[in-house]
Structures are given as C-alpha cells and as structure tokens.
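Visitor: What follows is the file final_6.txt, containing compact mmCIF, C-alpha atoms and all ligand atoms:
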# COMPACT_ATOMS: atom_id res chain seq x y z
CA MET A 63 71.06 89.67 75.44
CA ILE A 64 69.92 86.90 77.80
CA PRO A 65 72.28 83.93 78.08
CA ALA A 66 71.07 80.38 77.49
CA PRO A 67 70.32 78.42 80.70
CA VAL A 68 73.51 77.32 82.42
CA ASP A 69 74.47 75.46 85.60
CA TYR A 70 76.87 77.00 88.09
CA VAL A 71 79.28 75.36 90.54
CA ARG A 72 81.88 76.83 92.89
CA PRO A 73 84.29 74.03 93.84
CA GLU A 74 86.23 74.19 97.10
CA THR A 75 89.15 72.07 95.87
CA MET A 76 91.14 71.84 92.65
CA SER A 77 90.22 68.18 92.21
CA ALA A 78 86.51 69.10 92.44
CA ALA A 79 87.16 71.78 89.82
CA PHE A 80 88.81 69.21 87.51
CA SER A 81 85.86 66.91 87.90
CA ALA A 82 83.37 69.72 87.11
CA LEU A 83 85.50 70.57 84.07
CA SER A 84 85.41 67.00 82.77
CA ASP A 85 82.21 67.97 80.95
CA ASP A 86 83.45 69.13 77.51
CA ASP A 87 80.95 72.01 77.51
CA ALA A 88 81.99 73.31 80.94
CA LYS A 89 83.72 76.70 81.11
CA ILE A 90 85.83 78.27 83.81
CA LEU A 91 84.34 81.46 85.23
CA ALA A 92 86.69 84.04 86.75
CA GLY A 93 85.58 87.70 86.70
CA GLY A 94 83.09 86.98 83.92
CA HIS A 95 83.89 90.23 82.13
CA SER A 96 84.76 88.53 78.86
CA LEU A 97 82.86 85.26 79.16
CA VAL A 98 79.47 86.63 80.27
CA PRO A 99 79.19 89.16 77.41
CA LEU A 100 79.93 86.29 74.99
CA MET A 101 77.21 84.20 76.66
CA LYS A 102 74.73 87.05 76.43
CA LEU A 103 75.43 87.26 72.70
CA ARG A 104 75.17 83.45 72.58
CA PHE A 105 78.64 83.19 71.05
CA ALA A 106 79.42 80.98 74.07
CA ARG A 107 76.91 78.43 75.39
CA PRO A 108 78.58 76.48 78.20
CA SER A 109 76.55 73.81 79.99
CA VAL A 110 78.12 74.65 83.34
CA LEU A 111 80.15 77.54 84.71
CA VAL A 112 82.93 76.47 87.06
CA ASP A 113 83.68 79.40 89.33
CA VAL A 114 87.38 79.10 90.29
CA SER A 115 87.38 81.89 92.88
CA ARG A 116 88.02 79.42 95.74
CA VAL A 117 90.74 77.36 94.06
CA VAL A 118 92.84 79.83 92.07
CA PRO A 119 95.00 82.04 94.30
CA ARG A 120 94.67 85.80 94.51
CA GLY A 121 97.63 87.95 95.55
CA ILE A 122 101.08 89.18 94.56
CA GLU A 123 104.47 88.22 96.00
CA ALA A 124 107.93 89.52 95.15
CA THR A 125 111.36 88.14 95.96
CA ALA A 126 114.74 89.39 94.76
CA ARG A 127 115.69 85.92 93.50
CA ASP A 128 112.47 84.77 91.81
CA GLY A 129 110.91 88.04 90.62
CA VAL A 130 107.17 88.59 91.01
CA TRP A 131 104.42 85.98 91.24
CA ILE A 132 100.81 86.99 90.59
CA GLY A 133 97.98 84.61 91.54
CA GLY A 134 95.67 83.79 88.63
CA PHE A 135 92.61 85.18 90.41
CA THR A 136 94.26 88.55 91.13
CA THR A 137 92.06 91.35 89.85
CA TRP A 138 93.24 94.07 87.50
CA ARG A 139 92.63 96.55 90.30
CA ASP A 140 95.08 94.72 92.56
CA VAL A 141 97.66 94.48 89.76
CA ALA A 142 97.29 98.18 88.93
CA ALA A 143 97.87 99.12 92.58
CA ALA A 144 100.65 96.62 93.39
CA THR A 145 103.74 98.13 94.98
CA GLU A 146 105.57 94.93 93.95
CA LEU A 147 105.03 95.90 90.31
CA THR A 148 107.28 98.92 90.20
CA GLY A 149 110.78 99.41 88.75
CA PRO A 150 111.47 96.64 86.23
CA TYR A 151 107.86 95.42 86.42
CA SER A 152 106.07 98.75 85.93
CA ALA A 153 104.77 97.75 82.49
CA ALA A 154 102.49 95.12 84.08
CA ARG A 155 101.00 97.68 86.41
CA ALA A 156 100.52 100.17 83.59
CA CYS A 157 98.78 97.56 81.42
CA ALA A 158 96.34 96.71 84.23
CA ALA A 159 95.64 100.40 84.83
CA ALA A 160 94.82 100.86 81.13
CA ILE A 161 92.10 98.17 81.17
CA GLY A 162 88.44 99.18 80.90
CA ASP A 163 87.01 101.14 83.80
CA LEU A 164 87.00 100.71 87.58
CA GLN A 165 84.16 98.20 87.47
CA VAL A 166 85.96 96.02 84.92
CA ARG A 167 89.23 96.23 86.87
CA ASN A 168 87.41 95.32 90.10
CA ARG A 169 86.11 92.03 88.69
CA GLY A 170 88.38 91.06 85.78
CA THR A 171 91.35 88.85 86.65
CA ILE A 172 94.80 88.41 85.17
CA GLY A 173 94.12 84.69 84.68
CA GLY A 174 90.85 85.31 82.86
CA GLY A 175 92.41 88.06 80.78
CA LEU A 176 95.39 86.01 79.60
CA CYS A 177 93.30 82.85 79.01
CA HIS A 178 90.72 84.77 77.00
CA ALA A 179 93.54 85.50 74.50
CA ASP A 180 91.85 88.57 73.05
CA PRO A 181 94.25 90.03 70.45
CA ALA A 182 93.24 93.51 71.63
CA ALA A 183 93.94 92.92 75.34
CA ASP A 184 96.53 95.13 77.06
CA MET A 185 98.35 92.68 79.38
CA PRO A 186 99.88 90.40 76.70
CA ALA A 187 102.27 93.25 75.79
CA ALA A 188 103.75 93.30 79.31
CA ALA A 189 103.62 89.50 79.58
CA LEU A 190 105.90 89.29 76.52
CA ALA A 191 108.23 92.15 77.44
CA LEU A 192 108.63 90.82 80.99
CA ASP A 193 109.05 87.21 79.83
CA ALA A 194 106.08 85.88 81.81
CA THR A 195 105.64 82.20 82.57
CA LEU A 196 102.22 80.77 83.40
CA THR A 197 101.51 77.98 85.88
CA VAL A 198 98.77 75.71 84.62
CA ALA A 199 97.18 73.02 86.81
CA SER A 200 95.58 69.95 85.24
CA PRO A 201 94.45 66.49 86.42
CA ILE A 202 97.83 65.06 85.37
CA GLY A 203 99.87 67.68 87.22
CA GLU A 204 101.17 71.21 86.98
CA ARG A 205 103.10 72.59 84.02
CA LEU A 206 104.84 75.85 83.15
CA GLU A 207 104.04 77.64 79.91
CA HIS A 208 106.06 80.51 78.52
CA PHE A 209 103.60 83.25 77.61
CA ASP A 210 105.55 83.63 74.36
CA GLY A 211 103.94 80.67 72.57
CA PHE A 212 100.88 80.33 74.84
CA VAL A 213 98.47 81.92 72.35
CA GLY A 214 98.13 80.22 68.96
CA SER A 215 95.79 82.74 67.37
CA ALA A 216 92.95 85.04 68.40
CA PHE A 217 91.04 83.58 71.37
CA GLU A 218 93.04 80.33 71.17
CA PRO A 219 95.20 79.81 74.24
CA ASN A 220 97.15 76.60 74.62
CA LEU A 221 94.73 75.11 77.16
CA ASP A 222 92.73 71.90 77.40
CA THR A 223 89.24 71.88 78.90
CA GLN A 224 90.46 70.88 82.36
CA ASP A 225 93.48 73.23 82.45
CA VAL A 226 93.34 75.95 85.08
CA LEU A 227 95.79 78.84 85.08
CA THR A 228 96.87 79.33 88.68
CA GLY A 229 99.61 81.94 88.48
CA VAL A 230 101.82 84.22 86.43
CA ARG A 231 105.53 84.56 87.16
CA LEU A 232 107.57 87.54 86.02
CA PRO A 233 111.22 86.50 86.36
CA ALA A 234 113.75 88.60 88.24
CA GLN A 235 115.27 91.38 86.17
CA PRO A 236 118.49 93.34 86.60
CA ALA A 237 117.89 95.86 89.43
CA ARG A 238 118.26 98.81 87.10
CA ALA A 239 116.08 97.47 84.29
CA ARG A 240 112.94 99.51 83.77
CA SER A 241 109.77 98.83 81.81
CA ALA A 242 106.90 100.89 80.46
CA TYR A 243 103.63 100.43 78.58
CA GLN A 244 102.11 102.87 76.09
CA SER A 245 98.98 102.54 74.02
CA VAL A 246 96.69 104.38 71.65
CA GLU A 247 93.15 103.37 72.52
CA ASP A 248 89.95 103.12 70.56
CA ALA A 249 87.85 106.01 71.87
CA ALA A 250 84.65 103.96 72.13
CA SER A 251 85.85 100.66 73.62
CA GLY A 252 89.03 101.72 75.40
CA TYR A 253 90.83 98.68 73.99
CA PRO A 254 94.22 99.43 72.43
CA ILE A 255 94.43 100.02 68.69
CA ALA A 256 98.10 99.35 69.39
CA GLY A 257 99.90 98.89 72.70
CA ALA A 258 103.59 98.31 73.36
CA ALA A 259 105.56 97.34 76.44
CA ALA A 260 109.31 97.79 76.64
CA LEU A 261 111.84 96.48 79.14
CA VAL A 262 115.26 98.12 78.85
CA VAL A 263 118.61 98.00 80.57
CA VAL A 264 120.78 101.09 80.24
CA ALA A 265 124.54 101.42 80.59
CA ASP A 266 126.59 104.53 79.91
CA SER A 267 123.41 106.40 78.86
CA GLU A 268 122.55 103.90 76.12
CA ILE A 269 120.13 101.02 75.82
CA VAL A 270 122.14 97.80 76.06
CA GLN A 271 119.25 95.32 76.42
CA CYS A 272 115.67 95.54 75.22
CA ARG A 273 112.67 93.24 75.14
CA LEU A 274 109.38 94.35 73.60
CA GLY A 275 105.78 93.16 73.38
CA ILE A 276 103.19 94.58 71.00
CA THR A 277 99.44 93.99 71.33
CA GLY A 278 96.25 95.02 69.54
CA VAL A 279 97.91 94.84 66.13
CA SER A 280 97.63 91.27 64.93
CA THR A 281 95.77 88.07 65.85
CA ARG A 282 98.06 87.69 68.86
CA ALA A 283 100.57 89.81 70.70
CA PHE A 284 104.13 89.44 69.44
CA ARG A 285 107.77 90.38 70.06
CA PRO A 286 109.28 92.50 67.28
CA LEU A 287 112.71 90.89 67.42
CA ALA A 288 114.35 93.11 64.78
CA THR A 289 113.21 96.23 66.64
CA GLU A 290 114.57 94.90 69.94
CA ILE A 291 117.98 94.87 68.26
CA SER A 292 117.67 98.11 66.35
CA VAL A 293 116.95 100.20 69.47
CA LEU A 294 120.20 99.04 71.11
CA GLY A 295 122.60 101.97 71.30
CA TRP A 296 119.82 104.56 71.38
CA GLY A 297 120.20 106.92 74.31
CA SER A 298 120.97 110.36 75.62
CA ARG A 299 123.21 111.21 72.67
CA SER A 300 120.39 110.41 70.18
CA ASP A 301 117.07 112.08 69.51
CA TRP A 302 113.38 111.18 69.14
CA ARG A 303 113.59 111.19 65.33
CA ASP A 304 116.37 108.61 65.49
CA LEU A 305 114.26 106.42 67.81
CA CYS A 306 111.27 106.68 65.44
CA SER A 307 113.40 105.43 62.59
CA ARG A 308 114.77 102.55 64.71
CA VAL A 309 111.22 101.27 65.48
CA ARG A 310 110.07 101.24 61.83
CA SER A 311 110.52 97.46 61.79
CA ALA A 312 107.95 97.01 64.60
CA CYS A 313 105.35 95.28 62.39
CA ASP A 314 107.72 93.60 59.93
CA GLY A 315 106.52 90.10 59.08
CA VAL A 316 103.23 90.57 60.94
CA ALA A 317 99.74 90.54 59.38
CA VAL A 318 98.40 93.83 60.73
CA MET A 319 94.63 93.77 61.44
CA ALA A 320 92.13 96.21 59.99
CA ASP A 321 88.79 96.87 61.70
CA ARG A 322 86.34 99.71 62.31
CA SER A 323 88.86 101.46 64.58
CA ALA A 324 91.88 101.49 62.30
CA ASP A 325 93.01 100.45 58.86
CA VAL A 326 96.30 98.62 58.34
CA THR A 327 98.37 101.73 57.64
CA TYR A 328 97.12 103.67 60.65
CA ARG A 329 97.41 100.70 63.03
CA ALA A 330 100.99 99.96 61.87
CA ALA A 331 101.90 103.63 62.35
CA MET A 332 100.39 103.58 65.86
CA ALA A 333 102.33 100.41 66.66
CA GLN A 334 105.57 102.19 65.75
CA LEU A 335 104.58 105.27 67.73
CA VAL A 336 103.66 103.41 70.94
CA THR A 337 106.79 101.27 70.65
CA ALA A 338 108.95 104.40 70.47
CA ARG A 339 107.06 105.97 73.38
CA ALA A 340 107.40 102.85 75.55
CA VAL A 341 111.12 102.53 74.79
CA ARG A 342 111.72 106.20 75.56
CA GLN A 343 109.76 106.08 78.82
CA ALA A 344 111.55 102.92 79.98
CA PHE A 345 114.87 104.50 78.98
CA LEU A 346 114.15 107.70 80.93
CA ASP A 347 113.11 105.69 84.01
CA ALA A 348 116.22 103.49 83.71
CA THR A 349 118.45 106.54 83.34
CA ALA A 350 116.92 108.11 86.44
CA ALA A 351 117.46 104.83 88.34
CA GLU A 352 121.09 104.74 87.18
CA ALA A 353 121.65 108.28 88.41
CA ALA A 354 119.98 107.65 91.80
C1 LIG B 401 83.41 97.06 79.29
C2 LIG B 401 84.68 96.27 79.22
C3 LIG B 401 85.85 96.90 78.85
C4 LIG B 401 87.04 96.18 78.77
N1 LIG B 401 88.18 96.85 78.39
C5 LIG B 401 89.32 96.15 78.30
C6 LIG B 401 90.53 96.82 77.91
O1 LIG B 401 90.57 98.03 77.67
N2 LIG B 401 91.67 96.06 77.84
C7 LIG B 401 91.68 94.72 78.12
O2 LIG B 401 92.73 94.08 78.04
N3 LIG B 401 90.55 94.07 78.49
C8 LIG B 401 89.39 94.75 78.59
N4 LIG B 401 88.26 94.10 78.97
C9 LIG B 401 88.31 92.64 79.27
C10 LIG B 401 88.61 92.44 80.75
O3 LIG B 401 89.98 92.67 80.94
C11 LIG B 401 88.27 91.02 81.22
O4 LIG B 401 88.11 91.08 82.59
C12 LIG B 401 89.27 89.94 80.95
O5 LIG B 401 89.57 89.86 79.59
C13 LIG B 401 88.74 88.58 81.36
O6 LIG B 401 88.97 88.37 82.70
P1 LIG B 401 87.85 87.73 83.61
O7 LIG B 401 88.48 87.43 84.91
O8 LIG B 401 86.64 88.59 83.59
O9 LIG B 401 87.61 86.32 82.84
P2 LIG B 401 86.27 85.58 82.40
O10 LIG B 401 85.44 86.45 81.55
O11 LIG B 401 85.63 84.96 83.58
O12 LIG B 401 86.93 84.41 81.52
C14 LIG B 401 87.52 84.70 80.28
C15 LIG B 401 87.99 83.40 79.62
O13 LIG B 401 89.09 82.84 80.32
C16 LIG B 401 88.78 81.55 80.85
N5 LIG B 401 89.39 81.53 82.19
C17 LIG B 401 89.16 82.41 83.19
N6 LIG B 401 89.97 82.15 84.22
C18 LIG B 401 90.71 81.08 83.88
C19 LIG B 401 91.74 80.34 84.53
N7 LIG B 401 92.19 80.65 85.77
N8 LIG B 401 92.30 79.28 83.89
C20 LIG B 401 91.88 78.93 82.63
N9 LIG B 401 90.93 79.61 81.95
C21 LIG B 401 90.35 80.68 82.57
C22 LIG B 401 87.25 81.47 80.85
O14 LIG B 401 86.77 80.14 80.76
C23 LIG B 401 86.93 82.30 79.63
O15 LIG B 401 87.09 81.52 78.46
C24 LIG B 401 87.05 94.79 79.06
C25 LIG B 401 85.87 94.14 79.45
C26 LIG B 401 84.69 94.87 79.53
C27 LIG B 401 83.43 94.15 79.95
Can I see the file as structure tokens?

Guide:
Amino acid sequence: MIPAPVDYVRPETMSAAFSALSDDDAKILAGGHSLVPLMKLRFARPSVLVDVSRVVPRGIEATARDGVWIGGFTTWRDVAAATELTGPYSAARACAAAIGDLQVRNRGTIGGGLCHADPAADMPAAALALDATLTVASPIGERLEHFDGFVGSAFEPNLDTQDVLTGVRLPAQPARARSAYQSVEDAASGYPIAGAAALVVVADSEIVQCRLGITGVSTRAFRPLATEISVLGWGSRSDWRDLCSRVRSACDGVAVMADRSADVTYRAAMAQLVTARAVRQAFLDATAAEAA
C-alpha cells in the first residue's frame, strides 16, 4: 500500500503545467481521491504528479443566458452546497451530495471525477441529463467536448497527456425544467449499483421533454434514448405502475455489468427503478414550480 517513488510539481501557470505534462508518464493530480489509491495499489505508477490546484479554476457561476459554469477544481462539497445548482440543475447537486463521505467530498473535484471516467461514478448521470460540455485546455489551444461522447469506455476519457479539464458548463434550461438524481448504492463502497438523473419539462401536468443519464450500469454512463421518449405524456393523470412500465427500456442495447455487488438482472432492475424514481421526482418538482 505504499506508492512507488514519484516527483511532485505545482505549476503556477498553465504553460508550466503543459511543460510538466510533456513527460508521457506524468499524471495530473487534483484531489487525489482516485489517483492516489491506484498509486498505492501500484495500478498507476506516474513519474511525476502535476498538481493543478493553482491553474484550474475553482468556483461556480450562473447566468440566465449561459446556464451554470463549474470550475474544474471545484470540490464535490462546493458542488453539493451550491445555490446556483438548484431548480433545473438540482441533479448535479444531488450527485455531488451522494459521493463518498465528507472527507472525499472535501478533496475530490468535479474535474478529477469526470476525467477519472469511473463507470460507477455518480456525476456522469447528471452530466448527461444536463447536457454538460467540458472545457479542455491543451498546448494547442482550448476545445469544448460534449460530455456525451467524452468517455470511450471504463477509465478512458477522451484526453491526451497534456489535456487539462478547466471547466464544466451546464447549458441554460427552460425556467420551469427540473432535474433529479436517484441511486441505489452498494452498502460497502457507497458507489451506485445504478444511478439515474432526469431532466424534465412539464406542460399541462404531463412530461413534454425529458433527458436522462444512467450510471453505474455499464462500462460508461449512457442516455437511454428510447426511455426518454417513452416517458413523454406521463403525468398527474397516470400512476407509478405506468411509469415503471415506461422505463422498462432503460437498459435496452446496453451491456449491463455484473460484479460482487449485483448480477445483471438485479442491476438492470435497479436501473429501471432509479430511472422511474428520478423521473417522478423531477416531475413533482416541475409540477410544483409550474403551480408556484
Ligand atoms: C473512499 C472513497 C469513496 C468514494 N465514493 C465515491 C462515490 O460514491 N461516488 C463517486 O462518484 N466517486 C466516489 N469516489 C471518487 C471521488 O469522487 C474522487 O474524488 C474522484 O473520482 C476523483 O477526483 P479527484 O479530484 O480526487 O481526482 P484525482 O484522483 O486527483 O484524479 C483522478 C484522475 O483524473 C485526472 N485528472 C484530475 N484532474 C484533472 C483535470 N483537471 N484535467 C484532466 N485530468 C484530470 C488524474 O490525472 C487522474 O487520472 C470515492 C473515493 C474514495 C476515496
């Protein structure tokens, strides 16, 4: 449980960070809550850790036109407490609140979490449902990456060695849209066996728009497109049983994982359950907002 010897640098500028990252075996260090355990197990053996705490922004800003921007070095604790992440953006806050314990949320960052690309992480569900875009800095300039498409497979984000995630943008949503996150967690690790985020828009007491993200179920989080369509029209005149039948397609076309926490059948059933719960919670919040 002792990591191999490693150098450590804390650059003051982004160009110094790029130059430290030009070593192929260098690794970015953010909160260290995923990377350091891997180093202790010797699954990761970087030559140098490049601490990006002084070059990647921390903080959250909201504007009516552009939605919410979250700096890549913003901790889970800050995300979970953000007043900017209410209403349409509540799913992001709920995902952050579901992560680990207070110590993990105090150190772990949204940039580190999304770049780690753990298939069991919570935040990818909200990143998909809320249509997140990532800002990635590199020596040749800055680029935008849609989160939907950012992760190829488990632990494989679309990043080169010198790429640094600097921010996450959640685009503006209709004022009365509401979102929610629900998960069923593994009792030992706290990671989701299945987690689902839902963003819904309601009109005349029915869901008229829906965007979903499901995590913990396959090698990467995904949008269940058929389910997004099948929940349209569900609302106050329908019941829970009807919603459960509309979310049966949640894992269609997806290779559901089996591990020590859950076999394929149980995990797929939990994915349907949390999807229904997230849709219902977002619907109830949207209905309350419509009535207000
Ligand atoms: C006990 C425990 C329980 C946990 N429970 C949960 C849980 O329930 N749900 C959950 O989702 N997560 C959980 N986690 C993981 C936690 O959320 C981590 O903090 C997070 O996954 C990684 O964030 P970090 O800032 O610590 O990143 P680090 O560990 O520092 O880095 C992770 C990876 O991302 C890269 N990286 C970091 N920042 C950047 C950047 N700005 N640009 C490019 N690459 C970058 C690093 O090089 C590394 O490969 C848990 C962790 C622990 C230790």

Visitor: Could you check how far CA of Ser109 (chain A) sits from atom C8 of ligand LIG 401 (chain B), in Å to one decimal?

Guide: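 Pair CA of Ser109 (chain A) / atom C8 of ligand LIG 401 (chain B) returns 24.6 Å.
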
Visitor: Identify, on the basis of only C-alpha atoms, every residue whose closest approach to Ala260 (chain A) does not exceed 8 Å; exclude the query and any residue fewer than 4 positions from it along the same chain; express the result as a PyMOL selection string.

Guide: chain A and resi 153+188+191+241-243+272-275+337+340-341+344

Visitor: Within 7 Å of Ala158 (chain A), counting all atoms listed in the file, which residues show up once you throw out same-chain ones fewer than 3 positions away? Write them as a list in words, please.

Guide: Trp138, Val141, Ala142, Ala154, Arg155, Ile161 and Met185 of chain A

Visitor: Could you tell me, counting all atoms listed in the file, which protein and nucleic acid residues lie no more than 7 Å from ligand LIG 401 (chain B), written as JSON, numbers by chain?

Guide: {"A": [89, 90, 91, 92, 93, 94, 95, 96, 97, 98, 114, 118, 134, 135, 160, 161, 162, 163, 166, 167, 169, 170, 171, 172, 173, 174, 175, 176, 177, 178, 182, 183, 184, 185, 225, 226, 227, 228, 251, 252, 253, 254]}

Visitor: Between A:Ala159, A:Ile122, A:Leu147, A:Ala283, which has the minimum distance to Phe212 (chain A) (counting all atoms listed in the file)?

Guide: A:Ala283

Visitor: With all atoms listed in the file as the basis for distance, which of A:Glu74, A:Glu207, A:Asp304, A:Glu247 is at the shortest distance from Pro219 (chain A)?

Guide: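 The answer is A:Glu207, which sits nearest to Pro219 (chain A).
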
Visitor: Quick one: distance from CA of Thr195 (chain A) to CA of Asn220 (chain A) in Å, one decimal?

Guide: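 Here the two named atoms are 12.9 Å from each other.
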
Visitor: Enumerate, as a list in words, the protein, DNA and RNA residues whose atoms approach (119.5, 98.5, 67.2) to within 10 Å, taking into account all atoms listed in the file and the coordinate frame of the file.

Guide: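 All residues meeting the 10 Å criterion around (119.5, 98.5, 67.2) are Ile269, Val270, Gln271, Cys272, Ala288, Thr289, Glu290, Ile291, Ser292, Val293, Leu294, Gly295, Trp296, Leu305, Arg308 and Val309 of chain A.
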
Visitor: From the list A:Met101, A:Val130, A:Glu123, A:Asp180, which residue is nearest Ser152 (chain A) when using all atoms listed in the file?

Guide: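 Using all atoms listed in the file, Ser152 (chain A) sits closest to A:Val130.
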
Visitor: Interatomic distance between CA of Ala239 (chain A) and CA of Leu192 (chain A)?

Guide: 10.5 Å

Visitor: I'd like to know which of A:Asp347, A:Asp69, A:Asp210, A:Asp128 is closest to Ala234 (chain A), using only C-alpha atoms.

Guide: A:Asp128

Visitor: Give me the residues near Arg104 (chain A) as a list in words, where near means some atom within 10 Å (using only C-alpha atoms) and where sequence neighbours in that chain fewer than 2 positions away do not count.

Guide: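 Here the answer would be Met63, Ile64, Pro65, Ala66, Val98, Pro99, Leu100, Met101, Lys102, Ala106, Arg107 and Pro108 of chain A.
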
Visitor: With distances taken over all atoms listed in the file, which of A:Val246, A:Leu111, A:Val262, A:Ala199 is nearest to Met332 (chain A)?

Guide: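 Residue with the minimum atom-to-atom distance to Met332 (chain A): A:Val246.
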